[in-house]
$ cat run26.txt   # compact mmCIF, C-alpha atoms and all ligand atoms
# COMPACT_ATOMS: atom_id res chain seq x y z
CA MET A 1 29.93 -11.55 21.70
CA ASP A 2 27.42 -9.02 22.93
CA GLN A 3 29.18 -7.08 25.75
CA ASN A 4 26.00 -5.37 26.84
CA PRO A 5 23.31 -7.84 27.86
CA SER A 6 20.71 -5.09 28.14
CA SER A 7 21.03 -4.37 24.40
CA ARG A 8 19.67 -7.84 23.68
CA LEU A 9 16.65 -7.06 25.82
CA SER A 10 15.93 -3.69 24.25
CA SER A 11 12.60 -3.34 22.49
CA PRO A 12 12.30 -4.49 18.86
CA PRO A 13 12.46 -1.88 16.10
CA PRO A 14 9.14 -0.09 15.55
CA TYR A 15 6.71 -1.89 13.26
CA HIS A 16 6.74 0.82 10.64
CA GLU A 17 7.37 4.55 10.54
CA SER A 18 4.21 5.99 9.05
CA VAL A 19 4.57 8.31 6.08
CA MET A 20 3.10 11.84 5.68
CA VAL A 21 1.05 11.52 8.86
CA GLU A 22 0.41 15.23 9.31
CA GLN A 23 -0.78 15.66 5.73
CA VAL A 24 -3.08 12.64 6.07
CA VAL A 25 -4.62 13.95 9.31
CA ASP A 26 -5.06 17.44 7.84
CA LEU A 27 -6.84 16.01 4.80
CA PHE A 28 -9.33 14.11 6.99
CA ARG A 29 -9.75 16.89 9.58
CA PRO A 30 -12.75 18.53 7.83
CA VAL A 31 -14.84 15.33 8.01
CA LYS A 32 -15.07 15.62 11.83
CA SER A 33 -17.28 12.55 12.40
CA GLY A 34 -18.32 9.26 10.83
CA THR A 35 -16.16 6.29 9.91
CA ILE A 36 -12.75 6.48 8.30
CA VAL A 37 -11.66 3.22 6.70
CA ASP A 38 -7.90 2.66 7.00
CA THR A 39 -7.52 -0.03 4.35
CA THR A 40 -3.79 -0.59 5.04
CA PHE A 41 -3.51 -0.63 8.83
CA GLY A 42 0.07 -2.03 9.05
CA GLY A 43 1.49 -0.85 12.39
CA GLY A 44 -1.50 1.45 12.85
CA GLY A 45 0.41 4.74 12.83
CA HIS A 46 -2.10 6.56 10.64
CA THR A 47 -5.07 5.12 12.52
CA ARG A 48 -3.63 6.19 15.89
CA ALA A 49 -2.93 9.71 14.61
CA LEU A 50 -6.47 9.99 13.22
CA LEU A 51 -8.12 8.75 16.42
CA THR A 52 -6.02 11.20 18.45
CA ALA A 53 -6.65 14.23 16.24
CA LEU A 54 -10.33 13.55 15.52
CA PRO A 55 -12.04 12.38 18.72
CA ASP A 56 -15.47 11.96 17.11
CA ILE A 57 -14.51 9.60 14.31
CA ARG A 58 -14.46 5.82 14.24
CA VAL A 59 -11.95 3.79 12.31
CA LEU A 60 -12.55 0.54 10.52
CA ALA A 61 -9.09 -0.86 9.83
CA LEU A 62 -8.20 -3.52 7.27
CA ASP A 63 -4.99 -5.33 6.47
CA ARG A 64 -4.58 -8.45 4.39
CA ASP A 65 -1.64 -9.44 6.59
CA PRO A 66 -3.18 -11.15 9.65
CA ASP A 67 -0.01 -10.26 11.66
CA ALA A 68 -1.17 -6.64 11.71
CA ALA A 69 -3.93 -7.62 14.17
CA ALA A 70 -1.33 -7.77 16.96
CA GLN A 71 -0.76 -4.02 16.54
CA VAL A 72 -4.40 -3.00 17.04
CA PRO A 73 -4.75 -0.71 20.08
CA ASP A 74 -7.61 -1.16 22.47
CA ASP A 75 -9.95 1.66 21.54
CA PRO A 76 -13.75 1.35 21.42
CA ARG A 77 -13.76 3.52 18.29
CA LEU A 78 -11.64 1.04 16.34
CA ASP A 79 -12.40 -2.28 14.63
CA PHE A 80 -9.95 -4.40 12.68
CA VAL A 81 -10.68 -6.91 9.91
CA ALA A 82 -8.00 -9.05 8.26
CA ALA A 83 -9.08 -8.51 4.65
CA ASN A 84 -7.88 -7.47 1.23
CA PHE A 85 -9.07 -4.01 0.26
CA ALA A 86 -9.98 -5.50 -3.12
CA ASP A 87 -12.97 -6.84 -1.14
CA LEU A 88 -13.80 -3.49 0.46
CA ASP A 89 -17.34 -3.48 -0.92
CA GLN A 90 -18.10 -6.88 0.69
CA VAL A 91 -16.36 -5.94 3.95
CA LEU A 92 -18.45 -2.79 4.31
CA THR A 93 -21.66 -4.61 3.36
CA THR A 94 -20.92 -7.32 5.94
CA PHE A 95 -20.29 -4.75 8.62
CA ILE A 96 -23.73 -3.35 8.01
CA SER A 97 -25.62 -6.62 7.68
CA GLU A 98 -24.06 -8.07 10.83
CA GLY A 99 -25.25 -5.06 12.83
CA HIS A 100 -21.72 -4.52 14.02
CA ARG A 101 -20.69 -1.72 16.33
CA HIS A 102 -20.29 0.29 13.14
CA ASP A 103 -24.05 -0.12 12.77
CA ARG A 104 -26.27 1.12 10.00
CA GLU A 105 -26.44 4.58 11.49
CA HIS A 106 -22.68 4.85 11.43
CA LEU A 107 -21.87 2.77 8.42
CA GLY A 108 -24.90 2.98 6.18
CA ALA A 109 -24.57 4.35 2.70
CA GLY A 110 -23.28 7.86 3.20
CA SER A 111 -21.66 7.28 6.58
CA VAL A 112 -18.16 6.54 5.32
CA ALA A 113 -16.37 9.80 5.91
CA GLY A 114 -13.07 8.79 4.44
CA VAL A 115 -10.91 6.01 3.07
CA LEU A 116 -7.13 5.84 3.38
CA PHE A 117 -4.80 3.69 1.28
CA ASP A 118 -1.10 3.66 2.25
CA LEU A 119 0.05 1.23 -0.40
CA GLY A 120 2.73 -1.43 -0.57
CA ILE A 121 4.34 -3.22 2.33
CA SER A 122 5.48 -2.11 5.77
CA SER A 123 9.07 -1.91 6.99
CA ARG A 124 8.26 -4.81 9.29
CA GLN A 125 7.31 -7.00 6.33
CA VAL A 126 10.39 -5.98 4.30
CA ASP A 127 12.77 -6.44 7.21
CA GLU A 128 11.48 -9.87 8.26
CA PRO A 129 13.58 -12.41 6.30
CA SER A 130 11.00 -15.18 6.65
CA ARG A 131 8.52 -13.18 4.53
CA GLY A 132 10.89 -13.23 1.55
CA PHE A 133 10.27 -9.62 0.44
CA SER A 134 13.85 -8.38 0.54
CA TYR A 135 16.72 -8.85 -1.89
CA ARG A 136 19.02 -7.88 0.98
CA ARG A 137 18.02 -10.77 3.24
CA GLN A 138 18.10 -14.50 2.72
CA GLY A 139 14.66 -16.00 3.06
CA PRO A 140 12.10 -18.23 1.39
CA LEU A 141 10.60 -17.17 -1.94
CA ASP A 142 7.26 -16.22 -0.41
CA MET A 143 6.34 -12.48 -0.71
CA ARG A 144 2.67 -13.00 0.17
CA MET A 145 1.18 -10.19 2.23
CA ASP A 146 -1.35 -12.74 3.43
CA PRO A 147 0.74 -15.84 4.10
CA THR A 148 -2.36 -18.02 4.52
CA HIS A 149 -3.20 -18.38 0.85
CA GLY A 150 -2.42 -17.57 -2.76
CA PRO A 151 0.60 -18.32 -4.96
CA THR A 152 4.06 -17.68 -3.53
CA ALA A 153 6.99 -16.06 -5.30
CA ALA A 154 8.43 -19.58 -5.70
CA ASP A 155 5.31 -20.64 -7.64
CA ILE A 156 5.83 -17.75 -10.04
CA ILE A 157 9.62 -17.97 -10.32
CA ASN A 158 9.80 -21.73 -10.76
CA ASP A 159 6.59 -22.54 -12.67
CA ARG A 160 5.63 -19.72 -15.02
CA PRO A 161 6.69 -19.78 -18.70
CA VAL A 162 9.50 -17.47 -19.70
CA ASP A 163 7.20 -15.12 -21.63
CA GLU A 164 5.02 -14.63 -18.61
CA LEU A 165 8.08 -13.84 -16.48
CA VAL A 166 9.12 -11.27 -19.08
CA ARG A 167 5.66 -9.69 -18.93
CA ILE A 168 5.69 -9.57 -15.12
CA LEU A 169 9.17 -8.00 -14.99
CA ARG A 170 8.29 -5.48 -17.70
CA ASP A 171 4.76 -4.55 -16.65
CA TYR A 172 5.20 -4.56 -12.86
CA GLY A 173 8.88 -3.63 -12.54
CA GLU A 174 9.38 -1.48 -15.65
CA GLU A 175 12.55 -3.59 -15.93
CA ARG A 176 14.40 -2.88 -19.19
CA MET A 177 16.33 -6.13 -18.95
CA ALA A 178 13.23 -8.23 -18.44
CA ARG A 179 14.04 -10.87 -21.06
CA ARG A 180 17.67 -11.38 -19.96
CA ILE A 181 16.56 -11.75 -16.35
CA ALA A 182 13.63 -14.05 -17.19
CA GLU A 183 15.85 -16.31 -19.30
CA ALA A 184 18.47 -16.48 -16.54
CA ILE A 185 15.75 -17.42 -14.02
CA VAL A 186 14.49 -20.21 -16.27
CA ARG A 187 18.07 -21.52 -16.80
CA HIS A 188 18.70 -21.70 -13.03
CA ARG A 189 15.41 -23.31 -11.96
CA PRO A 190 14.57 -24.47 -9.39
CA ILE A 191 15.58 -21.36 -7.45
CA THR A 192 15.30 -21.99 -3.75
CA ASP A 193 15.54 -18.69 -1.87
CA THR A 194 15.79 -14.90 -2.14
CA ALA A 195 19.60 -14.91 -2.00
CA GLU A 196 19.81 -17.28 -4.95
CA LEU A 197 17.25 -15.25 -6.91
CA THR A 198 19.21 -12.05 -6.21
CA ALA A 199 22.43 -13.68 -7.41
CA VAL A 200 20.77 -14.97 -10.60
CA ILE A 201 19.38 -11.49 -11.39
CA ALA A 202 22.72 -9.78 -10.62
CA GLY A 203 24.48 -12.24 -12.91
CA ALA A 204 22.04 -11.53 -15.74
CA VAL A 205 22.50 -7.75 -15.97
CA PRO A 206 25.58 -5.96 -17.34
CA ALA A 207 28.10 -4.54 -14.85
CA ALA A 208 27.18 -0.94 -15.76
CA ALA A 209 23.53 -1.49 -14.76
CA ARG A 210 24.66 -3.12 -11.51
CA ARG A 211 26.48 0.06 -10.44
CA ARG A 212 23.44 2.36 -10.48
CA ARG A 213 20.76 0.82 -8.22
CA HIS A 214 20.55 -2.65 -6.78
CA PRO A 215 20.02 -4.90 -9.83
CA ALA A 216 17.28 -6.94 -8.14
CA ARG A 217 15.21 -3.96 -6.94
CA LYS A 218 12.80 -3.77 -9.87
CA ALA A 219 12.50 -7.53 -10.30
CA PHE A 220 11.60 -8.02 -6.62
CA GLN A 221 8.99 -5.25 -6.88
CA ALA A 222 7.55 -6.89 -10.00
CA ILE A 223 7.32 -10.36 -8.47
CA ARG A 224 5.75 -8.98 -5.28
CA ILE A 225 3.12 -7.11 -7.30
CA ALA A 226 2.33 -10.29 -9.26
CA VAL A 227 2.19 -12.52 -6.15
CA ASN A 228 -0.28 -10.17 -4.44
CA ALA A 229 -2.19 -9.01 -7.57
CA GLU A 230 -1.59 -5.53 -6.18
CA LEU A 231 -2.67 -3.42 -9.13
CA ASP A 232 -5.98 -5.23 -9.59
CA ALA A 233 -6.65 -4.86 -5.86
CA LEU A 234 -5.96 -1.13 -6.07
CA GLY A 235 -8.42 -0.60 -8.92
CA GLN A 236 -11.15 -2.55 -7.11
CA GLY A 237 -10.44 -0.89 -3.74
CA LEU A 238 -10.53 2.61 -5.24
CA ASP A 239 -13.84 1.97 -7.01
CA ALA A 240 -15.39 0.72 -3.77
CA ALA A 241 -13.96 3.63 -1.78
CA LEU A 242 -15.41 6.19 -4.19
CA ASP A 243 -18.78 4.39 -4.16
CA TRP A 244 -19.03 4.26 -0.39
CA VAL A 245 -17.64 7.59 0.70
CA ARG A 246 -20.31 10.21 1.43
CA PRO A 247 -20.43 13.62 -0.26
CA GLY A 248 -17.83 15.77 1.52
CA GLY A 249 -15.91 12.63 2.46
CA ARG A 250 -12.36 12.04 1.30
CA VAL A 251 -10.27 9.36 -0.31
CA VAL A 252 -6.53 9.66 0.35
CA VAL A 253 -3.95 7.44 -1.33
CA ILE A 254 -0.19 7.26 -0.75
CA ALA A 255 1.56 5.48 -3.64
CA TYR A 256 5.22 4.49 -3.76
CA HIS A 257 5.83 3.88 -7.44
CA SER A 258 4.55 5.15 -10.75
CA LEU A 259 2.44 2.06 -11.56
CA GLU A 260 0.32 2.55 -8.46
CA ASP A 261 0.21 6.30 -8.87
CA ARG A 262 -0.94 6.05 -12.49
CA ILE A 263 -3.99 4.02 -11.43
CA VAL A 264 -4.87 6.53 -8.70
CA LYS A 265 -4.33 9.54 -10.93
CA GLN A 266 -6.45 8.10 -13.75
CA ARG A 267 -9.28 6.98 -11.45
CA PHE A 268 -9.45 10.38 -9.76
CA ALA A 269 -9.24 12.17 -13.12
CA ALA A 270 -12.16 10.07 -14.43
CA GLY A 271 -14.14 11.09 -11.33
CA THR A 272 -13.51 14.79 -11.84
CA ALA A 273 -14.76 14.83 -15.40
CA GLY A 274 -17.33 17.58 -15.49
CA CYS A 275 -16.18 19.73 -12.59
CA ASN A 276 -13.59 22.38 -13.38
CA CYS A 277 -13.58 24.33 -10.12
CA PRO A 278 -10.22 25.54 -8.80
CA PRO A 279 -8.94 23.11 -6.12
CA ASP A 280 -9.09 25.76 -3.35
CA LEU A 281 -12.87 26.29 -3.64
CA PRO A 282 -14.57 24.66 -0.63
CA VAL A 283 -17.45 23.29 -2.74
CA CYS A 284 -18.04 22.71 -6.41
CA THR A 285 -19.73 25.78 -7.93
CA CYS A 286 -19.58 25.01 -11.65
CA GLY A 287 -22.61 22.73 -11.46
CA ARG A 288 -21.18 19.98 -13.64
CA ALA A 289 -21.84 16.57 -12.19
CA ALA A 290 -18.44 15.33 -11.20
CA GLU A 291 -18.04 12.51 -8.71
CA VAL A 292 -14.99 14.00 -6.98
CA ARG A 293 -12.77 17.04 -6.93
CA LEU A 294 -9.03 16.85 -6.45
CA LEU A 295 -7.59 18.23 -3.23
CA ALA A 296 -4.06 18.70 -4.61
CA ARG A 297 -3.82 18.64 -8.37
CA LYS A 298 -0.22 17.42 -8.58
CA GLY A 299 -0.25 15.37 -5.42
CA LEU A 300 1.78 15.97 -2.25
CA ARG A 301 5.30 14.84 -1.40
CA PRO A 302 6.94 14.29 1.99
CA THR A 303 8.98 17.22 3.33
CA GLU A 304 12.79 17.18 3.14
CA ASP A 305 12.81 16.74 6.92
CA GLU A 306 10.64 13.66 6.70
CA ILE A 307 12.79 12.15 3.95
CA ALA A 308 15.93 12.79 6.04
CA ARG A 309 14.28 11.15 9.07
CA ASN A 310 12.68 8.29 7.18
CA PRO A 311 14.38 7.60 3.82
CA ARG A 312 11.70 5.02 2.95
CA SER A 313 9.26 7.92 2.54
CA ARG A 314 11.34 9.26 -0.40
CA SER A 315 9.17 7.89 -3.18
CA ALA A 316 5.80 8.65 -1.57
CA LEU A 317 3.24 10.57 -3.63
CA LEU A 318 -0.05 11.37 -1.93
CA ARG A 319 -3.22 12.06 -3.91
CA ALA A 320 -6.53 13.01 -2.38
CA ALA A 321 -10.02 13.60 -3.66
CA GLU A 322 -13.25 14.78 -2.10
CA LYS A 323 -16.55 13.25 -3.05
CA VAL A 324 -18.85 15.92 -4.44
CA SER A 325 -21.87 13.90 -5.58
CA SER A 326 -23.32 10.52 -4.68
C1 LIG A 401 2.84 0.88 3.95
S1 LIG A 401 2.10 -0.28 5.01
C2 LIG A 401 0.92 0.69 5.90
C3 LIG A 401 1.47 1.32 7.13
C4 LIG A 401 0.44 2.00 7.99
N1 LIG A 401 -0.26 3.05 7.27
C5 LIG A 401 1.05 2.53 9.25
O1 LIG A 401 0.91 3.72 9.54
O2 LIG A 401 1.66 1.74 9.98
C6 LIG A 401 1.04 -1.15 3.95
C7 LIG A 401 0.18 -2.19 4.65
O3 LIG A 401 -0.92 -2.44 3.80
C8 LIG A 401 -1.16 -3.81 3.71
N2 LIG A 401 -1.76 -4.02 2.40
C9 LIG A 401 -1.19 -3.87 1.19
N3 LIG A 401 -2.06 -4.17 0.21
C10 LIG A 401 -3.23 -4.49 0.83
C11 LIG A 401 -4.51 -4.90 0.36
N4 LIG A 401 -4.76 -5.06 -0.94
N5 LIG A 401 -5.48 -5.10 1.27
C12 LIG A 401 -5.24 -4.94 2.60
N6 LIG A 401 -4.03 -4.61 3.10
C13 LIG A 401 -3.04 -4.38 2.23
C14 LIG A 401 0.18 -4.46 3.90
O4 LIG A 401 0.03 -5.77 4.42
C15 LIG A 401 0.86 -3.51 4.89
O5 LIG A 401 0.65 -3.92 6.22

$ encode --input "run26.txt" --output "structure tokens"
Amino acid sequence: MDQNPSSRLSSPPPYHESVMVEQVVDLFRPVKSGTIVDTTFGGGGHTRALLTALPDIRVLALDRDPDAAAQVPDDPRLDFVAANFADLDQVLTTFISEGHRHDREHLGAGSVAGVLFDLGISSRQVDEPSRGFSYRRQGPLDMRMDPTHGPTAADIINDRPVDELVRILRDYGEERMARRIAEAIVRHRPITDTAELTAVIAGAVPAAARRRRHPARKAFQAIRIAVNAELDALGQGLDAALDWVRPGGRVVVIAYHSLEDRIVKQRFAAGTAGCNCPPDLPVCTCGRAAEVRLLARKGLRPTEDEIARNPRSRSALLRAAEKVSS
């Protein structure tokens, strides 16, 4: 029994501890004014830090999880839209055509000063059993970031052919035991919740593999990526961000695994083709028509202090690019 009644009344854990906040703010600092689009608002930690550090900017915040709306602070410089960043182009076009507070002057072509992507899911989503994201918590096989539509994890686990499950586990989880796991899933169908799925996966892999990392870690990542079509969304969102951001504006992406990072790295590399200026030059001087220049060639990592404080930041890799031509 709880001996201390006040502990039951204490505030809930924070929504999400934002990752690499100082680096994100520093990367956007030179833009000074205009609109920064925070495409992954979550608990709003990055948005709050940006609005505090850069008083003359506006933020247009997106999240495909409608629950994030409850975290939006009351600030006249901030608007929130529950949307998938895969639809960023349409969202920005709508904001202009509806003559929103981010009106044409602020959000016309060339007014987007920056776009931030902090990929994946928030701690709040992982830690909430009813969302079904965690192999450590019993919950429904859901895993949708937007619980209002789209296939659930149950639809994928219980309905897809074995070869498709193998592909998902291999391509989105880089799971070496994809076929063993997929065959075990098919044998145990219907699987009813996350605890049962975790047990089926654990039973499918050899004991030696079970000792290293949690045996369901990669499979859960893979199924979540498939449920939310995350990699397609990233490609579409990045293209739109690079189209909309004005020259001098910045696109900053924090990825948490190599599949995401590969897409970011390749898209930025394609945009730099032509320019071969050193990354510390303030403007491109070589005259080759590149779309962007990289702001940190190898990407940035969280500090040791941040990782000690927030172990979930461990895998973060931040890449940033500056638009150099329209
Ligand atoms: C790592 S959290 C972001 C945390 C946030 N930067 C903060 O400081 O609190 C990722 C958020 O992005 C959202 N998200 C992921 N993919 C998305 C997409 N394609 N479109 C819109 N939101 C997305 C998730 O729902 C989640 O809330």

$ residues_near_ligand --input "run26.txt" --ligand "ligand LIG 401 (chain A)" --cutoff "8 Å" --atoms "all atoms listed in the file" --output "number ranges by chain"
A: 15-19, 21, 38-47, 62-65, 68, 82-86, 117-123, 125, 145-146, 228, 230, 233-234, 237

$ closest_residue --input "run26.txt" --among "A:Ile254, A:Val31, A:Ala269, A:Ala219" --to "Leu300 in chain A" --atoms "only C-alpha atoms"
A:Ile254

$ residues_around --input "run26.txt" --residues "range 279-288 of chain A" --least-positions-apart "2" --cutoff "12 Å" --atoms "all atoms listed in the file" --output "PDB file with C-alpha atoms, keeping the file's coordinate frame"
ATOM      1  CA  PRO A  30     -12.750  18.530   7.830  1.00  0.00           C
ATOM      2  CA  PRO A 247     -20.430  13.620  -0.260  1.00  0.00           C
ATOM      3  CA  GLY A 248     -17.830  15.770   1.520  1.00  0.00           C
ATOM      4  CA  GLY A 249     -15.910  12.630   2.460  1.00  0.00           C
ATOM      5  CA  GLY A 271     -14.140  11.090 -11.330  1.00  0.00           C
ATOM      6  CA  THR A 272     -13.510  14.790 -11.840  1.00  0.00           C
ATOM      7  CA  ALA A 273     -14.760  14.830 -15.400  1.00  0.00           C
ATOM      8  CA  GLY A 274     -17.330  17.580 -15.490  1.00  0.00           C
ATOM      9  CA  CYS A 275     -16.180  19.730 -12.590  1.00  0.00           C
ATOM     10  CA  ASN A 276     -13.590  22.380 -13.380  1.00  0.00           C
ATOM     11  CA  CYS A 277     -13.580  24.330 -10.120  1.00  0.00           C
ATOM     12  CA  ALA A 290     -18.440  15.330 -11.200  1.00  0.00           C
ATOM     13  CA  GLU A 291     -18.040  12.510  -8.710  1.00  0.00           C
ATOM     14  CA  VAL A 292     -14.990  14.000  -6.980  1.00  0.00           C
ATOM     15  CA  ARG A 293     -12.770  17.040  -6.930  1.00  0.00           C
ATOM     16  CA  LEU A 294      -9.030  16.850  -6.450  1.00  0.00           C
ATOM     17  CA  LEU A 295      -7.590  18.230  -3.230  1.00  0.00           C
ATOM     18  CA  ALA A 296      -4.060  18.700  -4.610  1.00  0.00           C
ATOM     19  CA  ARG A 297      -3.820  18.640  -8.370  1.00  0.00           C
ATOM     20  CA  LYS A 298      -0.220  17.420  -8.580  1.00  0.00           C
ATOM     21  CA  GLY A 299      -0.250  15.370  -5.420  1.00  0.00           C
ATOM     22  CA  ALA A 320      -6.530  13.010  -2.380  1.00  0.00           C
ATOM     23  CA  ALA A 321     -10.020  13.600  -3.660  1.00  0.00           C
ATOM     24  CA  GLU A 322     -13.250  14.780  -2.100  1.00  0.00           C
ATOM     25  CA  LYS A 323     -16.550  13.250  -3.050  1.00  0.00           C
ATOM     26  CA  VAL A 324     -18.850  15.920  -4.440  1.00  0.00           C
ATOM     27  CA  SER A 325     -21.870  13.900  -5.580  1.00  0.00           C
TER      28      SER A 325
END

$ atom_distance --input "run26.txt" --atom1 "CA of Arg250 in chain A" --atom2 "CA of Asp75 in chain A"
22.9 Å

$ closest_residue --input "run26.txt" --among "A:Glu260, A:Glu304, A:Asp26, A:Asp193" --to "Leu141 in chain A" --atoms "all atoms listed in the file"
A:Asp193

$ closest_residue --input "run26.txt" --among "A:Arg160, A:Arg48, A:Arg179, A:His214" --to "Arg77 in chain A" --atoms "all atoms listed in the file"
A:Arg48

$ axis_aligned_box --input "run26.txt" --around "range 280-295 of chain A" --padding-each-side "3 Å" --output "AutoDock Vina command-line options"
--center_x -15.1 --center_y 19.4 --center_z -7.1 --size_x 21.0 --size_y 19.8 --size_z 19.0

$ residues_around --input "run26.txt" --residues "Val115 in chain A" --least-positions-apart "3" --cutoff "8 Å" --atoms "all atoms listed in the file" --output "JSON, numbers by chain"
{"A": [36, 37, 38, 39, 112, 241, 245, 250, 251, 252]}

$ atom_distance --input "run26.txt" --atom1 "CA of Asp89 in chain A" --atom2 "CA of Val72 in chain A"
22.1 Å

$ atom_distance --input "run26.txt" --atom1 "CA of Thr194 in chain A" --atom2 "CA of Asp67 in chain A"
21.5 Å

$ residues_around --input "run26.txt" --residues "Gly173 in chain A" --least-positions-apart "3" --cutoff "9 Å" --atoms "all atoms listed in the file" --output "list in words"
Ile168, Leu169, Arg170, Arg176, Ala178, Arg217, Lys218, Ala219, Phe220, Gln221, Ala222, Ile223, Ile225 and Leu259 of chain A

$ write_last_selection --input "run26.txt" --atoms "C-alpha atoms" --output "PDB file, in the coordinates of the input"
ATOM      1  CA  ILE A 168       5.690  -9.570 -15.120  1.00  0.00           C
ATOM      2  CA  LEU A 169       9.170  -8.000 -14.990  1.00  0.00           C
ATOM      3  CA  ARG A 170       8.290  -5.480 -17.700  1.00  0.00           C
ATOM      4  CA  ARG A 176      14.400  -2.880 -19.190  1.00  0.00           C
ATOM      5  CA  ALA A 178      13.230  -8.230 -18.440  1.00  0.00           C
ATOM      6  CA  ARG A 217      15.210  -3.960  -6.940  1.00  0.00           C
ATOM      7  CA  LYS A 218      12.800  -3.770  -9.870  1.00  0.00           C
ATOM      8  CA  ALA A 219      12.500  -7.530 -10.300  1.00  0.00           C
ATOM      9  CA  PHE A 220      11.600  -8.020  -6.620  1.00  0.00           C
ATOM     10  CA  GLN A 221       8.990  -5.250  -6.880  1.00  0.00           C
ATOM     11  CA  ALA A 222       7.550  -6.890 -10.000  1.00  0.00           C
ATOM     12  CA  ILE A 223       7.320 -10.360  -8.470  1.00  0.00           C
ATOM     13  CA  ILE A 225       3.120  -7.110  -7.300  1.00  0.00           C
ATOM     14  CA  LEU A 259       2.440   2.060 -11.560  1.00  0.00           C
TER      15      LEU A 259
END

$ closest_residue --input "run26.txt" --among "A:Pro76, A:Val162, A:Ala289, A:Leu60" --to "Phe95 in chain A" --atoms "only C-alpha atoms"
A:Leu60

$ residues_around --input "run26.txt" --residues "Arg144 in chain A" --least-positions-apart "2" --cutoff "9 Å" --atoms "only C-alpha atoms" --output "PyMOL selection string"
chain A and resi 65+131-133+142+146-153+224+227-228

$ closest_residue --input "run26.txt" --among "A:Ala154, A:Leu88, A:Val205, A:Ala308" --to "Leu116 in chain A" --atoms "only C-alpha atoms"
A:Leu88

$ residues_around --input "run26.txt" --residues "His257 in chain A" --least-positions-apart "6" --cutoff "9 Å" --atoms "only C-alpha atoms" --output "PyMOL selection string"
chain A and resi 315-317

$ closest_residue --input "run26.txt" --among "A:Gly34, A:Pro55, A:Pro302, A:Pro215" --to "Tyr135 in chain A" --atoms "only C-alpha atoms"
A:Pro215
